[in-house]
Amino acid sequence: MNPIGALSGITVIDLSRLLPGPYCTMILADHGARVIAVEDPRYRDRGEYVFPVYRNKSHLTLDLKSEAGREIFFQLVENADVVVEGFRPGVVTRLGVDYPAVCRVNPEIVYCSITGYGQTGPMRHVAGHDVNYLSRAGLLDLMGEKDRAPTIPGIQVADLVGGGMNGALGILMALFHRERSGQGQHIDISMTDGTLGLLPTVQFFLSLFGTAQNRGDTFLSHRYACYNTYETADGRFLSVGAVENRFWQNLCHHLGKPELGPLQYDENRREELIAFMRDQFRQKPLDEWERELNDLDVCVAPIRTIAEAMQDPLFNAREMVTQTDQRTPALGVPVKLSQTPGSVRTAPAAFGENTDQILKELGYDKAEIKSLREKGVV
């Protein structure tokens with residue numbers, strides 16, 4: 001077993017900021033890659049440093065607009081395997097750190113660009129954020145209550161999945177290809193592309209039913225009693241996900257209404273079934289329902305708050321809530337590998353925390369580092 005992780009020996013230079021790129025490289029760092037995050041020293045106090053995604057990383061401040069800063073960057077690139085950047089298309093070219101420039105120093109580099117709308121196409125230069133990518137890809141239209149305005153989700157789906165996870169997948173595939181061929185390559189990740197790619201079930205239901213999926217009224221979003229959310233007596237909520245009939249029948253039997261089992265997807269009775277379930281679940285508080293239904297095969301779960309989820313025994317047992325010091329809980333590593341497990345080894349690096357250390361590794365002495373600081377290069 002490799003105690004460091006599957007990506008031990010891989011070095012990643014991360015020029016990205018905010019969430020998508022840093023989340024991507026956090027996944028790589030969790031699995032053993034050495035990740036050196038690089039940011040402009042002027043951004044130190046801008047409040048855009050999402051510190052949890054900097055665990056297991058080193059952080060270096062570097063002004064890439066300066067000749068000295070680019071020189072340091074290319075020294076890092078010489079021995080790196082991956083470069084990640086999240087600027088708008090064209091920015092890295094103006095800075096002189098684009099894929100062709102990096103290839104001249106390290107031809108085997110895997111270079112990943114994560115942007116809102118991709119490196120090509122009519123929207124390549126358009127600004128955006130998570131809500132815009134969800135909107136353009138059609139996902140936001142499916143989020144929220146029927147006949148109400150779309151609801152912005154509480155997490156950044158396009159950033160984390162469309163950008164971060166797809167970026168990590170692309171990098172791993174490119175590294176695998178390089179292992180076999182010796183060739184690096186450029187990866188073009190569009191968060192909007194990645195968001196559109198989350199629609200296979202929508203396409204499936206469209207082909208199955210022949211009708212468009214409408215907000216808050218789809219097969220898997222509130223249309224039927226068997227896949228819905230319900231309020232409990234104490235003002236809390238639980239979810240029912242009894243898609244298969246055997247789970248639905250088990251629930252109906254437990255609630256004393258076995259005759260409702262065959263009516264699961266009856267269009268003429270669906271509102272009646274929803275009303276029945278609403279009335280039933282309002283009779284008891286959430287914790288009582290949880291105790292009552294926990295050991296039954298019914299696909300019912302309490303809707304936790306984030307604070308409650310972090311205390312859930314499930315995530316403790318699965319090592320999904322851990323600590324990097326004596327005070328701060330941290331999210332664990334969701335991909336469980338038996339031979340090369342990932343891990344949370346160090347707390348999130350502070351902004352610029354490892355600048356001196358990294359420069360010393362590159363051969364700079366104290367006087368040279370001091371001079372670089374005075375010039376604003378680091």
# chains A, B, ... in the order shown; residues from 1 in each chain; ligands from 1
call {"tool": "select_by_dssp", "arguments": {"residues": "stretch 65-302 of chain A", "states": "alpha helix (DSSP H)", "output": "ChimeraX atom specification"}}
result
/A:67-78,91-95,99-105,130-136,157,166-181,191-196,200-209,245-254,270-281,286-293
call {"tool": "write_last_selection", "arguments": {"atoms": "C-alpha atoms", "output": "short mmCIF file (atom, residue, chain, number, x, y, z; two decimals), in the first residue's frame"}}
result
data_model
loop_
_atom_site.label_atom_id
_atom_site.label_comp_id
_atom_site.auth_asym_id
_atom_site.auth_seq_id
_atom_site.Cartn_x
_atom_site.Cartn_y
_atom_site.Cartn_z
CA GLU A 67 10.17 38.85 -16.38
CA ALA A 68 11.59 37.56 -13.10
CA GLY A 69 8.23 36.02 -12.20
CA ARG A 70 7.98 34.19 -15.52
CA GLU A 71 11.56 32.96 -15.09
CA ILE A 72 10.61 31.38 -11.76
CA PHE A 73 7.46 29.89 -13.30
CA PHE A 74 9.43 28.21 -16.09
CA GLN A 75 11.93 26.86 -13.58
CA LEU A 76 8.98 25.17 -11.87
CA VAL A 77 7.64 23.92 -15.21
CA GLU A 78 10.91 22.18 -16.09
CA VAL A 91 -4.75 35.76 -20.98
CA VAL A 92 -2.03 33.11 -20.66
CA THR A 93 -0.86 33.98 -24.18
CA ARG A 94 -0.49 37.64 -23.22
CA LEU A 95 1.38 36.59 -20.08
CA TYR A 99 0.60 25.86 -23.71
CA PRO A 100 3.03 26.41 -26.63
CA ALA A 101 5.37 28.44 -24.39
CA VAL A 102 5.28 25.77 -21.68
CA CYS A 103 5.86 23.01 -24.26
CA ARG A 104 9.07 24.67 -25.34
CA VAL A 105 10.39 24.15 -21.81
CA ASP A 130 -21.81 29.25 -11.81
CA VAL A 131 -25.39 30.50 -12.12
CA ASN A 132 -24.74 31.64 -15.70
CA TYR A 133 -23.33 28.27 -16.74
CA LEU A 134 -26.29 26.45 -15.15
CA SER A 135 -28.62 28.84 -16.97
CA ARG A 136 -27.03 28.45 -20.39
CA VAL A 157 -22.53 22.62 -9.45
CA ASN A 166 -14.00 17.16 -15.25
CA GLY A 167 -10.64 18.90 -15.07
CA ALA A 168 -9.28 16.21 -12.75
CA LEU A 169 -10.66 13.47 -15.02
CA GLY A 170 -9.10 15.07 -18.08
CA ILE A 171 -5.73 15.38 -16.36
CA LEU A 172 -5.76 11.74 -15.25
CA MET A 173 -6.66 10.57 -18.76
CA ALA A 174 -3.93 12.73 -20.29
CA LEU A 175 -1.37 11.40 -17.78
CA PHE A 176 -2.39 7.85 -18.65
CA HIS A 177 -1.99 8.63 -22.36
CA ARG A 178 1.43 10.19 -21.68
CA GLU A 179 2.48 7.09 -19.77
CA ARG A 180 1.86 5.01 -22.89
CA SER A 181 2.92 7.46 -25.60
CA MET A 191 -17.77 24.47 -17.21
CA THR A 192 -20.84 24.99 -19.40
CA ASP A 193 -19.97 21.93 -21.50
CA GLY A 194 -19.56 19.93 -18.30
CA THR A 195 -22.92 21.15 -17.02
CA LEU A 196 -24.72 20.20 -20.22
CA PRO A 200 -28.50 12.04 -19.67
CA THR A 201 -31.51 11.30 -17.43
CA VAL A 202 -33.34 14.33 -18.85
CA GLN A 203 -32.73 12.98 -22.35
CA PHE A 204 -33.86 9.52 -21.23
CA PHE A 205 -37.13 10.77 -19.78
CA LEU A 206 -37.75 12.88 -22.86
CA SER A 207 -37.42 9.80 -25.05
CA LEU A 208 -39.48 7.73 -22.61
CA PHE A 209 -42.40 10.13 -22.14
CA ASN A 245 -42.30 -0.50 -6.67
CA ARG A 246 -41.04 -2.87 -3.97
CA PHE A 247 -39.77 0.07 -1.90
CA TRP A 248 -42.99 2.00 -2.46
CA GLN A 249 -45.09 -1.00 -1.49
CA ASN A 250 -43.06 -1.47 1.69
CA LEU A 251 -43.70 2.16 2.65
CA CYS A 252 -47.42 1.99 1.88
CA HIS A 253 -47.74 -1.24 3.86
CA HIS A 254 -45.97 0.31 6.85
CA ARG A 270 -50.90 10.99 -8.09
CA GLU A 271 -52.12 14.19 -6.35
CA GLU A 272 -54.20 12.08 -3.97
CA LEU A 273 -51.14 10.00 -3.09
CA ILE A 274 -49.00 13.09 -2.51
CA ALA A 275 -51.69 14.57 -0.23
CA PHE A 276 -51.86 11.31 1.73
CA MET A 277 -48.10 11.24 2.24
CA ARG A 278 -48.04 14.88 3.29
CA ASP A 279 -50.71 14.20 5.89
CA GLN A 280 -48.96 11.08 7.19
CA PHE A 281 -45.54 12.64 7.62
CA LEU A 286 -38.38 13.91 12.07
CA ASP A 287 -36.35 11.97 14.64
CA GLU A 288 -39.31 9.68 15.34
CA TRP A 289 -39.76 8.96 11.65
CA GLU A 290 -36.06 8.26 11.36
CA ARG A 291 -36.14 5.71 14.17
CA GLU A 292 -39.30 4.14 12.79
CA LEU A 293 -38.22 3.82 9.17
#
call {"tool": "select_by_dssp", "arguments": {"residues": "stretch 69-159 of chain A", "states": "strand (DSSP E or B)", "output": "PyMOL selection string"}}
result
chain A and resi 82-85+110-115
call {"tool": "residues_around", "arguments": {"residues": "stretch 220-224 of chain A", "least_positions_apart": "6", "cutoff": "9 Å", "atoms": "only C-alpha atoms", "output": "PDB file with C-alpha atoms, in the first residue's frame"}}
result
ATOM      1  CA  LEU A 142     -35.193  22.410 -13.759  1.00  0.00           C
ATOM      2  CA  MET A 143     -34.329  23.681 -10.266  1.00  0.00           C
ATOM      3  CA  GLU A 145     -40.769  24.652  -7.402  1.00  0.00           C
ATOM      4  CA  LYS A 146     -43.392  24.220 -10.066  1.00  0.00           C
ATOM      5  CA  GLY A 241     -36.917   8.033  -3.009  1.00  0.00           C
ATOM      6  CA  VAL A 243     -38.633   4.667  -7.278  1.00  0.00           C
ATOM      7  CA  GLN A 264     -47.449   4.436  -7.619  1.00  0.00           C
ATOM      8  CA  TYR A 265     -47.406   6.098 -11.065  1.00  0.00           C
ATOM      9  CA  ASP A 266     -51.153   6.396 -11.672  1.00  0.00           C
ATOM     10  CA  GLU A 267     -51.576   9.842 -13.260  1.00  0.00           C
ATOM     11  CA  ARG A 270     -50.904  10.994  -8.088  1.00  0.00           C
ATOM     12  CA  GLU A 271     -52.121  14.187  -6.353  1.00  0.00           C
ATOM     13  CA  LEU A 273     -51.135   9.996  -3.089  1.00  0.00           C
ATOM     14  CA  ILE A 274     -49.002  13.091  -2.513  1.00  0.00           C
TER      15      ILE A 274
END
call {"tool": "closest_residue", "arguments": {"among": "A:Asn79, A:Gln183, A:Ser190, A:Thr61", "to": "A:Gly21", "atoms": "only C-alpha atoms"}}
result
A:Ser190
call {"tool": "decode", "arguments": {"residues": "stretch 19-64 of chain A", "atoms": "C-alpha atoms", "output": "short mmCIF file (atom, residue, chain, number, x, y, z; two decimals), in the first residue's frame"}}
result
data_model
loop_
_atom_site.label_atom_id
_atom_site.label_comp_id
_atom_site.auth_asym_id
_atom_site.auth_seq_id
_atom_site.Cartn_x
_atom_site.Cartn_y
_atom_site.Cartn_z
CA LEU A 19 -13.03 27.48 -7.00
CA PRO A 20 -13.01 25.29 -10.18
CA GLY A 21 -9.24 24.96 -10.76
CA PRO A 22 -8.24 24.83 -7.09
CA TYR A 23 -10.92 22.17 -6.45
CA CYS A 24 -9.55 20.18 -9.39
CA THR A 25 -6.01 20.31 -8.03
CA MET A 26 -7.22 19.55 -4.49
CA ILE A 27 -8.46 16.20 -5.83
CA LEU A 28 -5.01 15.55 -7.29
CA ALA A 29 -3.28 16.68 -4.08
CA ASP A 30 -5.50 14.44 -1.95
CA HIS A 31 -4.20 11.50 -3.94
CA GLY A 32 -0.54 12.31 -3.50
CA ALA A 33 0.37 14.84 -6.19
CA ARG A 34 2.59 17.71 -5.17
CA VAL A 35 0.55 20.80 -5.99
CA ILE A 36 2.15 24.24 -6.02
CA ALA A 37 -0.53 26.91 -6.21
CA VAL A 38 0.69 30.16 -7.77
CA GLU A 39 -1.10 33.50 -7.32
CA ASP A 40 -0.34 37.15 -7.85
CA PRO A 41 0.92 38.69 -4.57
CA ARG A 42 -1.45 41.63 -5.11
CA TYR A 43 -4.45 39.37 -4.57
CA ARG A 44 -3.52 38.58 -0.98
CA ASP A 45 -6.31 40.65 0.60
CA ARG A 46 -9.04 40.38 -2.04
CA GLY A 47 -11.13 37.84 -0.12
CA GLU A 48 -11.19 35.36 -3.03
CA TYR A 49 -9.03 32.71 -1.37
CA VAL A 50 -11.31 29.70 -0.80
CA PHE A 51 -8.98 28.20 1.79
CA PRO A 52 -10.49 24.67 2.21
CA VAL A 53 -9.43 23.71 -1.35
CA TYR A 54 -5.77 24.50 -0.56
CA ARG A 55 -5.23 21.52 1.75
CA ASN A 56 -2.33 19.22 0.89
CA LYS A 57 -0.83 22.01 -1.25
CA SER A 58 1.99 24.53 -1.20
CA HIS A 59 1.27 28.17 -2.02
CA LEU A 60 3.63 30.52 -3.85
CA THR A 61 3.07 34.19 -4.67
CA LEU A 62 4.38 35.19 -8.09
CA ASP A 63 3.83 38.10 -10.47
CA LEU A 64 3.67 36.49 -13.91
#
